[in-house]
$ cat entry_29.txt   # compact mmCIF, C-alpha atoms and all ligand atoms
# COMPACT_ATOMS: atom_id res chain seq x y z
CA MET A 1 78.86 100.22 91.60
CA ARG A 2 79.56 99.55 95.26
CA ALA A 3 77.87 101.32 98.20
CA LEU A 4 80.00 102.58 101.09
CA LYS A 5 77.12 104.05 103.07
CA PRO A 6 73.67 105.40 102.22
CA ASN A 7 74.15 108.01 99.46
CA ILE A 8 77.90 107.33 99.12
CA TYR A 9 78.94 105.05 96.25
CA GLU A 10 82.10 103.86 94.57
CA VAL A 11 81.39 104.30 90.86
CA GLY A 12 84.79 103.77 89.24
CA ALA A 13 86.21 100.79 87.37
CA ILE A 14 88.19 97.67 88.25
CA ASP A 15 90.88 96.91 85.68
CA PHE A 16 91.81 93.25 86.19
CA ASP A 17 93.69 92.96 82.90
CA ARG A 18 96.03 95.94 82.91
CA ARG A 19 99.65 94.86 83.27
CA LEU A 20 101.60 98.09 82.78
CA PHE A 21 101.15 101.66 84.03
CA ASP A 22 102.81 104.63 82.33
CA GLU A 23 104.22 101.97 79.97
CA LEU A 24 106.74 101.42 82.76
CA ILE A 25 105.32 100.09 86.03
CA PRO A 26 104.37 96.40 86.21
CA LEU A 27 100.86 95.74 87.51
CA PRO A 28 100.93 92.04 88.53
CA ASP A 29 97.52 92.39 90.19
CA GLY A 30 95.87 94.85 87.81
CA THR A 31 94.49 98.05 89.33
CA SER A 32 91.32 100.02 89.89
CA TYR A 33 90.33 103.63 89.27
CA ASN A 34 88.04 104.39 92.17
CA ALA A 35 85.63 107.30 91.83
CA TYR A 36 83.01 108.24 94.39
CA VAL A 37 79.56 109.79 94.33
CA ILE A 38 78.31 111.65 97.37
CA LYS A 39 74.65 112.62 97.33
CA GLY A 40 73.77 115.38 99.76
CA THR A 41 70.29 116.68 100.43
CA GLU A 42 70.99 119.65 98.16
CA LYS A 43 73.94 118.84 95.90
CA THR A 44 75.63 115.80 94.38
CA ALA A 45 79.38 115.49 93.91
CA LEU A 46 81.53 113.06 91.96
CA LEU A 47 85.03 112.68 93.39
CA ASP A 48 87.48 111.94 90.53
CA THR A 49 86.77 109.99 87.36
CA VAL A 50 88.53 107.05 85.65
CA ASP A 51 91.14 106.24 83.04
CA PRO A 52 89.65 107.01 79.59
CA PRO A 53 89.41 103.37 78.38
CA LYS A 54 87.08 102.72 81.35
CA THR A 55 84.81 105.72 80.87
CA ASN A 56 81.84 103.51 79.99
CA CYS A 57 82.07 101.76 83.37
CA LEU A 58 81.94 105.11 85.14
CA ILE A 59 78.95 106.31 83.13
CA GLU A 60 77.06 103.05 83.70
CA ASN A 61 77.77 103.26 87.43
CA LEU A 62 76.58 106.87 87.59
CA VAL A 63 73.31 105.72 86.03
CA LYS A 64 73.06 102.79 88.47
CA ALA A 65 73.67 105.18 91.37
CA GLY A 66 70.72 107.24 90.15
CA VAL A 67 72.76 110.36 89.47
CA ASP A 68 70.36 112.32 87.28
CA LYS A 69 71.89 115.66 88.20
CA LEU A 70 75.52 116.33 89.03
CA ASP A 71 76.65 119.58 90.62
CA TYR A 72 80.36 119.05 91.24
CA ILE A 73 83.25 116.98 89.94
CA VAL A 74 86.02 117.18 92.52
CA ALA A 75 89.34 116.67 90.71
CA HIS A 76 92.00 115.78 93.28
CA HIS A 77 94.72 115.16 90.74
CA ALA A 78 95.27 116.03 87.09
CA GLU A 79 96.79 112.70 86.05
CA GLN A 80 94.60 111.12 83.41
CA ASP A 81 93.79 107.87 85.24
CA HIS A 82 91.59 110.06 87.49
CA SER A 83 90.88 113.10 85.36
CA GLY A 84 90.70 111.52 81.92
CA SER A 85 86.91 111.10 81.86
CA ILE A 86 86.03 114.59 83.13
CA GLN A 87 85.21 115.88 79.65
CA ASP A 88 82.83 112.93 79.04
CA VAL A 89 81.13 113.48 82.39
CA LEU A 90 80.75 117.18 81.59
CA THR A 91 79.13 116.26 78.29
CA ILE A 92 76.50 114.18 80.09
CA TYR A 93 76.12 116.58 83.03
CA PRO A 94 76.81 120.00 81.43
CA GLU A 95 75.71 121.87 84.54
CA ALA A 96 78.47 120.31 86.66
CA LYS A 97 81.47 122.37 87.79
CA VAL A 98 84.98 121.03 88.28
CA VAL A 99 86.10 121.71 91.85
CA THR A 100 89.84 121.80 92.30
CA ASN A 101 92.78 123.94 93.40
CA GLU A 102 94.43 126.58 91.25
CA LYS A 103 97.43 124.45 90.30
CA CYS A 104 95.25 121.52 89.29
CA ARG A 105 92.89 123.82 87.37
CA GLN A 106 95.76 125.01 85.21
CA MET A 107 96.99 121.45 84.66
CA LEU A 108 93.51 120.25 83.69
CA ILE A 109 93.30 123.07 81.15
CA ASP A 110 96.72 122.09 79.79
CA LEU A 111 96.15 118.33 79.74
CA LEU A 112 92.44 118.02 78.95
CA CYS A 113 91.54 121.38 77.37
CA ILE A 114 88.69 121.89 79.85
CA ASP A 115 87.05 125.32 79.44
CA ASP A 116 88.14 127.92 81.97
CA ASP A 117 84.53 128.72 82.98
CA LYS A 118 83.93 125.15 84.16
CA PHE A 119 85.97 125.50 87.34
CA ILE A 120 85.39 126.35 90.97
CA VAL A 121 88.76 126.89 92.67
CA VAL A 122 89.01 125.95 96.34
CA GLU A 123 91.64 126.75 98.96
CA ASP A 124 93.35 124.59 101.52
CA GLY A 125 90.96 123.90 104.42
CA GLN A 126 87.93 125.28 102.59
CA THR A 127 84.61 123.47 102.99
CA MET A 128 81.76 122.94 100.55
CA SER A 129 78.25 121.98 101.64
CA LEU A 130 76.17 119.39 99.81
CA GLY A 131 73.30 119.99 102.26
CA ASP A 132 73.57 117.36 104.96
CA LYS A 133 77.16 116.49 103.97
CA THR A 134 80.24 118.70 104.07
CA LEU A 135 83.37 118.32 101.98
CA GLN A 136 86.58 119.65 103.52
CA PHE A 137 89.49 120.09 101.12
CA VAL A 138 93.01 119.49 102.42
CA TYR A 139 96.01 120.32 100.27
CA THR A 140 98.49 117.43 100.21
CA PRO A 141 101.03 118.43 97.57
CA TRP A 142 103.40 115.92 95.98
CA VAL A 143 101.43 112.73 96.50
CA HIS A 144 102.67 112.43 93.85
CA TRP A 145 102.22 115.54 91.67
CA PRO A 146 102.43 119.15 92.89
CA GLU A 147 98.67 119.79 92.66
CA THR A 148 97.36 116.81 94.66
CA PHE A 149 94.85 117.31 97.47
CA VAL A 150 92.37 115.16 99.40
CA THR A 151 88.78 115.54 100.59
CA TYR A 152 87.50 114.77 104.08
CA LEU A 153 83.78 114.08 104.34
CA GLN A 154 83.10 115.48 107.78
CA GLU A 155 79.80 113.84 108.75
CA ASP A 156 80.87 110.33 107.66
CA ARG A 157 84.55 110.70 108.61
CA ILE A 158 85.78 109.39 105.24
CA LEU A 159 89.06 110.59 103.75
CA PHE A 160 89.04 110.46 99.95
CA SER A 161 92.78 110.39 99.34
CA CYS A 162 93.15 109.79 95.56
CA ASP A 163 96.63 108.32 94.90
CA PHE A 164 97.75 108.87 98.52
CA PHE A 165 97.57 105.46 100.31
CA GLY A 166 96.56 103.72 97.07
CA SER A 167 97.52 100.30 95.76
CA HIS A 168 97.46 98.85 92.29
CA PHE A 169 95.21 95.93 93.12
CA ALA A 170 92.11 94.81 91.26
CA ALA A 171 89.52 93.24 93.57
CA THR A 172 85.76 93.19 93.90
CA PRO A 173 85.57 93.49 97.71
CA LEU A 174 85.31 97.17 98.56
CA TYR A 175 87.49 96.98 101.66
CA VAL A 176 90.84 95.39 102.48
CA GLU A 177 90.33 91.73 103.34
CA ASP A 178 93.79 90.16 103.02
CA LYS A 179 96.01 92.60 104.89
CA PRO A 180 99.45 91.13 104.01
CA THR A 181 98.59 91.12 100.31
CA ILE A 182 97.40 94.71 100.33
CA TYR A 183 100.36 95.76 102.48
CA ASP A 184 102.68 94.45 99.75
CA ALA A 185 100.65 96.08 96.97
CA ALA A 186 100.55 99.42 98.80
CA LYS A 187 104.29 99.24 99.48
CA ARG A 188 104.94 98.54 95.81
CA TYR A 189 102.80 101.54 94.94
CA TYR A 190 104.59 103.73 97.49
CA ALA A 191 107.98 102.59 96.18
CA GLU A 192 107.18 103.28 92.54
CA ILE A 193 105.15 106.45 92.87
CA MET A 194 105.60 108.14 96.23
CA MET A 195 109.13 107.38 97.46
CA PRO A 196 110.78 110.33 95.68
CA PHE A 197 108.55 112.64 97.75
CA ARG A 198 109.21 111.13 101.17
CA THR A 199 109.77 114.50 102.86
CA ASN A 200 106.52 115.96 101.51
CA ILE A 201 104.62 112.85 102.52
CA LYS A 202 105.83 113.20 106.11
CA LYS A 203 104.29 116.69 106.22
CA ASN A 204 101.06 115.44 104.65
CA LEU A 205 100.80 112.63 107.19
CA GLU A 206 101.07 115.22 109.96
CA LYS A 207 98.41 117.30 108.28
CA ILE A 208 95.79 114.56 108.11
CA GLU A 209 96.60 113.35 111.62
CA ASN A 210 94.24 116.03 112.95
CA LEU A 211 91.28 114.49 111.12
CA ASP A 212 89.04 111.90 112.80
CA ILE A 213 89.02 109.24 110.08
CA ASP A 214 86.90 106.07 109.99
CA ILE A 215 87.58 105.09 106.37
CA ILE A 216 90.34 105.95 103.91
CA ALA A 217 89.04 105.72 100.36
CA PRO A 218 91.91 105.94 97.85
CA SER A 219 91.54 106.01 94.07
CA HIS A 220 93.44 102.75 93.49
CA GLY A 221 92.83 99.47 95.28
CA PRO A 222 90.66 98.53 98.25
CA LEU A 223 89.47 100.97 100.92
CA TYR A 224 90.76 100.93 104.49
CA GLN A 225 88.28 100.49 107.35
CA GLU A 226 91.25 100.48 109.68
CA PRO A 227 93.08 103.69 108.69
CA ALA A 228 95.96 103.05 111.12
CA PHE A 229 96.94 100.00 109.06
CA ILE A 230 98.01 102.09 106.08
CA VAL A 231 98.92 105.30 107.93
CA ASP A 232 101.34 103.43 110.21
CA ALA A 233 102.83 101.63 107.20
CA TYR A 234 103.44 104.99 105.51
CA LYS A 235 105.00 106.38 108.69
CA ASP A 236 107.43 103.47 108.65
CA TRP A 237 108.26 103.83 104.95
CA VAL A 238 108.88 107.60 105.10
CA SER A 239 110.89 107.43 108.33
CA ASP A 240 114.66 107.83 108.22
CA ASP A 241 115.11 104.30 109.56
CA VAL A 242 116.83 101.73 107.35
CA LYS A 243 117.04 97.98 107.80
CA ASN A 244 119.95 95.55 107.91
CA GLU A 245 119.43 94.75 104.23
CA VAL A 246 121.54 94.92 101.07
CA VAL A 247 119.92 95.20 97.66
CA ILE A 248 122.07 93.73 94.90
CA ALA A 249 120.96 94.61 91.37
CA TYR A 250 123.21 92.92 88.86
CA VAL A 251 123.69 91.62 85.35
CA SER A 252 126.41 89.33 84.07
CA MET A 253 127.36 88.25 80.53
CA HIS A 254 130.02 85.58 80.98
CA HIS A 255 129.58 84.76 84.69
CA SER A 256 132.50 86.80 86.03
CA THR A 257 130.25 89.40 87.69
CA ALA A 258 127.79 86.64 88.63
CA LYS A 259 130.56 84.75 90.42
CA LEU A 260 131.50 87.88 92.39
CA ILE A 261 127.87 88.46 93.30
CA GLU A 262 127.42 84.85 94.36
CA HIS A 263 130.40 85.17 96.68
CA LEU A 264 129.16 88.51 98.01
CA VAL A 265 125.69 87.15 98.79
CA GLY A 266 127.27 84.31 100.78
CA ALA A 267 129.63 86.67 102.59
CA LEU A 268 126.81 89.03 103.57
CA ALA A 269 124.58 86.15 104.65
CA ASP A 270 127.46 84.83 106.82
CA ARG A 271 127.46 88.23 108.50
CA LYS A 272 123.70 87.95 109.14
CA ILE A 273 122.83 90.69 106.67
CA THR A 274 119.68 90.13 104.63
CA VAL A 275 120.28 90.22 100.89
CA LYS A 276 117.70 91.04 98.22
CA GLN A 277 119.28 89.89 94.95
CA PHE A 278 117.91 90.92 91.55
CA ASN A 279 119.13 89.58 88.23
CA LEU A 280 118.27 92.50 85.99
CA THR A 281 117.62 90.32 82.95
CA VAL A 282 114.49 88.87 84.56
CA THR A 283 113.61 91.06 87.52
CA ASP A 284 110.29 92.80 88.13
CA ILE A 285 111.42 96.41 88.62
CA GLY A 286 108.54 96.89 91.06
CA LYS A 287 110.11 94.34 93.39
CA LEU A 288 113.44 96.08 93.06
CA ALA A 289 111.75 99.38 93.96
CA ILE A 290 110.03 97.80 97.00
CA SER A 291 113.35 96.50 98.28
CA LEU A 292 114.82 100.01 98.09
CA VAL A 293 112.23 101.35 100.55
CA ASP A 294 114.04 99.87 103.56
CA ALA A 295 117.54 98.70 102.60
CA ALA A 296 120.56 100.38 104.14
CA THR A 297 122.83 99.45 101.23
CA LEU A 298 122.60 99.17 97.44
CA ILE A 299 125.19 97.34 95.37
CA ILE A 300 125.14 97.42 91.59
CA GLY A 301 126.85 94.59 89.74
CA THR A 302 127.76 94.94 86.07
CA PRO A 303 130.24 93.80 83.47
CA THR A 304 131.85 96.30 81.13
CA VAL A 305 130.17 96.68 77.75
CA LEU A 306 131.68 98.99 75.14
CA THR A 307 133.70 100.84 77.83
CA GLY A 308 130.74 101.40 80.16
CA PRO A 309 128.24 99.53 82.34
CA HIS A 310 125.78 97.05 80.84
CA PRO A 311 122.64 98.98 79.74
CA LEU A 312 120.49 97.01 82.20
CA ALA A 313 122.71 98.23 85.05
CA VAL A 314 122.43 101.77 83.69
CA TYR A 315 118.64 101.38 83.76
CA ALA A 316 118.66 100.09 87.35
CA ALA A 317 121.00 102.87 88.52
CA TYR A 318 118.91 105.52 86.77
CA LEU A 319 115.71 104.10 88.27
CA ALA A 320 117.17 103.96 91.78
CA ASN A 321 118.39 107.53 91.37
CA VAL A 322 114.98 108.93 90.40
CA LEU A 323 113.22 106.98 93.17
CA ARG A 324 115.50 108.69 95.73
CA PRO A 325 115.53 105.90 98.32
CA LYS A 326 116.94 106.51 101.81
CA THR A 327 119.87 104.18 101.06
CA ARG A 328 122.91 105.05 103.21
CA PHE A 329 125.66 103.11 101.42
CA VAL A 330 126.33 102.12 97.84
CA SER A 331 128.98 100.11 96.07
CA ILE A 332 129.80 98.68 92.66
CA VAL A 333 130.93 95.20 91.77
CA GLY A 334 131.92 93.99 88.30
CA SER A 335 134.54 92.98 85.81
CA TYR A 336 136.12 94.22 82.60
CA GLY A 337 138.07 92.67 79.75
CA TRP A 338 140.55 95.33 78.68
CA GLY A 339 139.50 98.57 80.41
CA GLY A 340 136.73 101.13 80.48
CA LYS A 341 134.92 103.57 82.71
CA MET A 342 132.13 101.42 84.10
CA GLU A 343 132.66 102.49 87.71
CA GLU A 344 132.73 106.23 86.96
CA LYS A 345 129.61 105.99 84.83
CA ILE A 346 127.58 104.21 87.52
CA LYS A 347 128.68 106.80 90.10
CA SER A 348 127.59 109.61 87.78
CA LEU A 349 124.13 108.08 87.43
CA ILE A 350 123.18 108.18 91.12
CA PRO A 351 123.70 111.75 92.40
CA ASN A 352 120.27 111.79 94.12
CA ILE A 353 121.18 108.88 96.36
CA LYS A 354 122.82 110.60 99.29
CA ALA A 355 124.85 107.57 100.24
CA GLN A 356 128.44 106.88 101.18
CA LEU A 357 130.36 104.94 98.54
CA LEU A 358 132.00 101.79 99.88
CA GLU A 359 135.16 100.72 98.02
CA PRO A 360 134.00 99.13 94.74
CA VAL A 361 135.34 95.78 93.58
CA VAL A 362 136.01 95.99 89.86
CA ILE A 363 138.25 93.24 88.53
CA LYS A 364 139.86 92.10 85.29
CA GLY A 365 138.37 88.94 83.81
CA TYR A 366 137.14 86.01 85.85
CA PRO A 367 137.53 86.38 89.65
CA LYS A 368 140.60 84.94 91.36
CA SER A 369 141.35 84.37 95.02
CA GLU A 370 142.44 87.97 95.66
CA ASP A 371 139.18 89.18 94.10
CA PHE A 372 137.13 87.03 96.46
CA SER A 373 139.18 88.50 99.31
CA ALA A 374 138.23 91.98 98.08
CA ILE A 375 134.58 90.91 98.11
CA ASP A 376 134.99 89.68 101.71
CA GLU A 377 136.42 93.08 102.59
CA LEU A 378 133.40 94.77 101.00
CA ALA A 379 131.10 92.56 103.08
CA ASP A 380 133.11 93.51 106.19
CA ALA A 381 132.75 97.20 105.29
CA VAL A 382 128.97 96.81 104.87
CA LEU A 383 128.72 95.05 108.24
CA GLN A 384 130.80 97.73 109.94
CA LYS A 385 128.62 100.50 108.51
CA HIS A 386 125.42 98.69 109.49
CA LYS A 387 126.81 98.24 112.99
CA GLU A 388 127.49 101.97 113.22
CA LEU A 389 123.80 102.52 112.42
CA LYS A 390 122.94 99.97 115.14
CA ILE A 391 120.98 97.82 112.69
CA ALA A 392 123.45 94.88 112.71
CA ASP A 393 125.05 92.83 115.48
FE1 LIG A 401 96.62 107.35 89.94
FE2 LIG A 401 98.86 109.81 89.81
O1 LIG A 401 97.45 108.82 89.23

$ encode --input "entry_29.txt" --output "structure tokens" --more "lines below"
Ligand code: FEO
Amino acid sequence: MRALKPNIYEVGAIDFDRRLFDELIPLPDGTSYNAYVIKGTEKTALLDTVDPPKTNCLIENLVKAGVDKLDYIVAHHAEQDHSGSIQDVLTIYPEAKVVTNEKCRQMLIDLLCIDDDKFIVVEDGQTMSLGDKTLQFVYTPWVHWPETFVTYLQEDRILFSCDFFGSHFAATPLYVEDKPTIYDAAKRYYAEIMMPFRTNIKKNLEKIENLDIDIIAPSHGPLYQEPAFIVDAYKDWVSDDVKNEVVIAYVSMHHSTAKLIEHLVGALADRKITVKQFNLTVTDIGKLAISLVDAATLIIGTPTVLTGPHPLAVYAAYLANVLRPKTRFVSIVGSYGWGGKMEEKIKSLIPNIKAQLLEPVVIKGYPKSEDFSAIDELADAVLQKHKELKIAD
């Protein structure tokens, strides 16, 4: 249990050991499931719960915080890492009501089988008094599910933002201490979770801009005593601006594609374009996702396997497609032995990336001098396009 202010406590759990979220997302720094208790003069509220394996931590912290009576459980989000302990909390505090919006209420019934009579449904902008403290609910849909909302504690100027502004980072200090580290963790989180909903996030940022915020208290990672640090970072990430960067995600079996990629990296570097290169056999997909937040161009490199792309390239293309980055240009580089439809398949996998296709370089066998010339032409095309965006010299 960690105290934010008198009568306001963080009562969730730090998960130092977790290494995978959704059986998909790498967690190099673990994570936390922050939950908060707010004790008013008349009522006590718990804001979110924790992932079910950490329920005991939550219960112990509620005891340490002296919560002998609980009136409300505010459920900002139905995903189980925040809602998964609600039933256990209701067992211990049967008088408590689950406060949420209509969409989240239905999802909690579907996902957790919570009884219908346990809910209080609140509207966007509605307030709820705890006595000397007032909760103001602000709908912020699609950060990152359709039902998500946040709570602003008016008297203490704290925004409880749930996943919004979060970071998968396990640490005992309550607040951000090492800004560059948390910036990277929050960007990773944004890239993996929030990026597909960039347009919605822009609207939500505008919505919370009217609030006078001293502290942002997310449900993952450290809290922000300097809200502008994370709000400005989000504004940058959701903007339409791209950087003079090329992401190359590639795999190679017999070094033909690798040789093309090696030449391409050199050619782009010669043109003063920053390259983020990922060998898909060893890459952390979180780092690949982070690089897609800013890059103007994505190039996928793959050999031909059984008439199509290598499955690792299929995975990378599929992932990039669902993350919907603001990438402006894409291309494909690779080789084949006797034929196939590798290029067409990759193109078909990325319809969500609204990018212009630059002439792919797909060659037969090991690259020869004319193939390296084609790679130089691709690098020229990338430079020209970046110049048109005024991000390259
Ligand atoms: Fe942290 Fe969307 O749950």

$ residues_near_ligand --input "entry_29.txt" --ligand "ligand LIG 401 (chain A)" --cutoff "6 Å" --atoms "only C-alpha atoms and all ligand atoms" --output "PDB file with C-alpha atoms, in the frame of the given file"
ATOM      1  CA  GLU A  79      96.790 112.700  86.050  1.00  0.00           C
ATOM      2  CA  ASP A  81      93.790 107.870  85.240  1.00  0.00           C
ATOM      3  CA  ASP A 163      96.630 108.320  94.900  1.00  0.00           C
TER       4      ASP A 163
END

$ closest_atom_pairs --input "entry_29.txt" --of "region 125-205 of chain A" --to "region 291-306 of chain A" --cutoff "10 Å" --atoms "only C-alpha atoms" --output "tab-separated table"
residue	atom	partner	partner_atom	distance
A:Lys187	CA	A:Val293	CA	8.3
A:Arg188	CA	A:Ser291	CA	9.0
A:Tyr190	CA	A:Val293	CA	8.6
A:Ala191	CA	A:Val293	CA	6.2
A:Glu192	CA	A:Val293	CA	9.7
A:Met195	CA	A:Val293	CA	7.5

$ closest_atom_pairs --input "entry_29.txt" --of "region 43-142 of chain A" --to "region 8-25 of chain A" --cutoff "8 Å" --atoms "all atoms listed in the file" --output "CSV"
residue,atom,partner,partner_atom,distance
A:Thr49,CA,A:Gly12,CA,6.8
A:Val50,CA,A:Gly12,CA,6.1
A:Lys54,CA,A:Ala13,CA,6.4
A:Cys57,CA,A:Ala13,CA,5.8
A:Leu58,CA,A:Gly12,CA,5.2
A:Asn61,CA,A:Val11,CA,5.1
A:Leu62,CA,A:Val11,CA,6.4
A:Ala65,CA,A:Tyr9,CA,7.2

$ atom_distance --input "entry_29.txt" --atom1 "CA of Ala258 (chain A)" --atom2 "CA of Val282 (chain A)"
14.1 Å

$ atom_distance --input "entry_29.txt" --atom1 "CA of Phe149 (chain A)" --atom2 "CA of His76 (chain A)"
5.3 Å

$ closest_residue --input "entry_29.txt" --among "A:Val246, A:Leu4, A:Asp214, A:Leu27" --to "Arg271 (chain A)" --atoms "all atoms listed in the file"
A:Val246

$ closest_residue --input "entry_29.txt" --among "A:Ala186, A:Ala75, A:Ala355, A:Leu70" --to "Ala35 (chain A)" --atoms "only C-alpha atoms"
A:Ala75

$ residues_around --input "entry_29.txt" --residues "His144 (chain A)" --least-positions-apart "5" --cutoff "9 Å" --atoms "all atoms listed in the file" --output "PyMOL selection string"
chain A and resi 77+163-164+193-197+201

$ residues_near_point --input "entry_29.txt" --point "(119.4, 109.8, 84.9)" --cutoff "7 Å" --atoms "only C-alpha atoms" --output "compact mmCIF listing (two decimals) with C-alpha atoms, in the coordinates of the input"
# COMPACT_ATOMS: atom_id res chain seq x y z
CA TYR A 318 118.91 105.52 86.77
CA ASN A 321 118.39 107.53 91.37
CA LEU A 349 124.13 108.08 87.43

$ atom_distance --input "entry_29.txt" --atom1 "CA of Asn7 (chain A)" --atom2 "CA of Asp48 (chain A)"
16.5 Å

$ closest_residue --input "entry_29.txt" --among "A:Ile158, A:Leu223, A:Ala228, A:Ile208" --to "Val176 (chain A)" --atoms "all atoms listed in the file"
A:Leu223

$ closest_residue --input "entry_29.txt" --among "A:Lys64, A:Arg328, A:His82, A:Lys259" --to "Ile363 (chain A)" --atoms "all atoms listed in the file"
A:Lys259

$ residues_around --input "entry_29.txt" --residues "Lys364 (chain A)" --least-positions-apart "2" --cutoff "10 Å" --atoms "only C-alpha atoms" --output "PDB file with C-alpha atoms, keeping the file's coordinate frame"
ATOM      1  CA  SER A 256     132.500  86.800  86.030  1.00  0.00           C
ATOM      2  CA  PRO A 303     130.240  93.800  83.470  1.00  0.00           C
ATOM      3  CA  THR A 304     131.850  96.300  81.130  1.00  0.00           C
ATOM      4  CA  GLY A 334     131.920  93.990  88.300  1.00  0.00           C
ATOM      5  CA  SER A 335     134.540  92.980  85.810  1.00  0.00           C
ATOM      6  CA  TYR A 336     136.120  94.220  82.600  1.00  0.00           C
ATOM      7  CA  GLY A 337     138.070  92.670  79.750  1.00  0.00           C
ATOM      8  CA  TRP A 338     140.550  95.330  78.680  1.00  0.00           C
ATOM      9  CA  GLY A 339     139.500  98.570  80.410  1.00  0.00           C
ATOM     10  CA  VAL A 362     136.010  95.990  89.860  1.00  0.00           C
ATOM     11  CA  TYR A 366     137.140  86.010  85.850  1.00  0.00           C
ATOM     12  CA  PRO A 367     137.530  86.380  89.650  1.00  0.00           C
ATOM     13  CA  LYS A 368     140.600  84.940  91.360  1.00  0.00           C
ATOM     14  CA  ASP A 371     139.180  89.180  94.100  1.00  0.00           C
TER      15      ASP A 371
END

$ axis_aligned_box --input "entry_29.txt" --around "region 216-232 of chain A" --padding-each-side "4 Å" --output "lines of an AutoDock Vina configuration file"
center_x = 94.8
center_y = 102.3
center_z = 102.3
size_x = 21.1
size_y = 15.5
size_z = 25.6

$ residues_around --input "entry_29.txt" --residues "Phe372 (chain A)" --least-positions-apart "6" --cutoff "9 Å" --atoms "all atoms listed in the file" --output "list in words"
Leu260, His263 and Leu264 of chain A

$ write_last_selection --input "entry_29.txt" --atoms "C-alpha atoms" --output "PDB file, in the coordinates of the input"
ATOM      1  CA  LEU A 260     131.500  87.880  92.390  1.00  0.00           C
ATOM      2  CA  HIS A 263     130.400  85.170  96.680  1.00  0.00           C
ATOM      3  CA  LEU A 264     129.160  88.510  98.010  1.00  0.00           C
TER       4      LEU A 264
END

$ residues_around --input "entry_29.txt" --residues "Ala320 (chain A)" --least-positions-apart "5" --cutoff "9 Å" --atoms "all atoms listed in the file" --output "PyMOL selection string"
chain A and resi 288-289+292+315+325+350+352-353

$ closest_residue --input "entry_29.txt" --among "A:Met1, A:Ile230, A:Ala185, A:Ala316" --to "Thr283 (chain A)" --atoms "only C-alpha atoms"
A:Ala316

$ residues_near_point --input "entry_29.txt" --point "(87.5, 113.8, 97.3)" --cutoff "12 Å" --atoms "all atoms listed in the file" --output "tab-separated table (two decimals) with C-alpha atoms, keeping the file's coordinate frame"
chain	number	residue	atom	x	y	z
A	8	ILE	CA	77.90	107.33	99.12
A	10	GLU	CA	82.10	103.86	94.57
A	34	ASN	CA	88.04	104.39	92.17
A	35	ALA	CA	85.63	107.30	91.83
A	36	TYR	CA	83.01	108.24	94.39
A	37	VAL	CA	79.56	109.79	94.33
A	38	ILE	CA	78.31	111.65	97.37
A	45	ALA	CA	79.38	115.49	93.91
A	46	LEU	CA	81.53	113.06	91.96
A	47	LEU	CA	85.03	112.68	93.39
A	48	ASP	CA	87.48	111.94	90.53
A	49	THR	CA	86.77	109.99	87.36
A	72	TYR	CA	80.36	119.05	91.24
A	73	ILE	CA	83.25	116.98	89.94
A	74	VAL	CA	86.02	117.18	92.52
A	75	ALA	CA	89.34	116.67	90.71
A	76	HIS	CA	92.00	115.78	93.28
A	77	HIS	CA	94.72	115.16	90.74
A	82	HIS	CA	91.59	110.06	87.49
A	98	VAL	CA	84.98	121.03	88.28
A	99	VAL	CA	86.10	121.71	91.85
A	100	THR	CA	89.84	121.80	92.30
A	127	THR	CA	84.61	123.47	102.99
A	128	MET	CA	81.76	122.94	100.55
A	134	THR	CA	80.24	118.70	104.07
A	135	LEU	CA	83.37	118.32	101.98
A	136	GLN	CA	86.58	119.65	103.52
A	137	PHE	CA	89.49	120.09	101.12
A	138	VAL	CA	93.01	119.49	102.42
A	139	TYR	CA	96.01	120.32	100.27
A	140	THR	CA	98.49	117.43	100.21
A	148	THR	CA	97.36	116.81	94.66
A	149	PHE	CA	94.85	117.31	97.47
A	150	VAL	CA	92.37	115.16	99.40
A	151	THR	CA	88.78	115.54	100.59
A	152	TYR	CA	87.50	114.77	104.08
A	153	LEU	CA	83.78	114.08	104.34
A	154	GLN	CA	83.10	115.48	107.78
A	158	ILE	CA	85.78	109.39	105.24
A	159	LEU	CA	89.06	110.59	103.75
A	160	PHE	CA	89.04	110.46	99.95
A	161	SER	CA	92.78	110.39	99.34
A	162	CYS	CA	93.15	109.79	95.56
A	163	ASP	CA	96.63	108.32	94.90
A	164	PHE	CA	97.75	108.87	98.52
A	216	ILE	CA	90.34	105.95	103.91
A	217	ALA	CA	89.04	105.72	100.36
A	218	PRO	CA	91.91	105.94	97.85
A	219	SER	CA	91.54	106.01	94.07

$ residues_around --input "entry_29.txt" --residues "region 374-379 of chain A" --least-positions-apart "6" --cutoff "7 Å" --atoms "all atoms listed in the file" --output "ChimeraX atom specification"
/A:264,267-268,359,361

$ closest_residue --input "entry_29.txt" --among "A:Leu389, A:Ala171, A:Leu358, A:Val242" --to "Ile332 (chain A)" --atoms "all atoms listed in the file"
A:Leu358
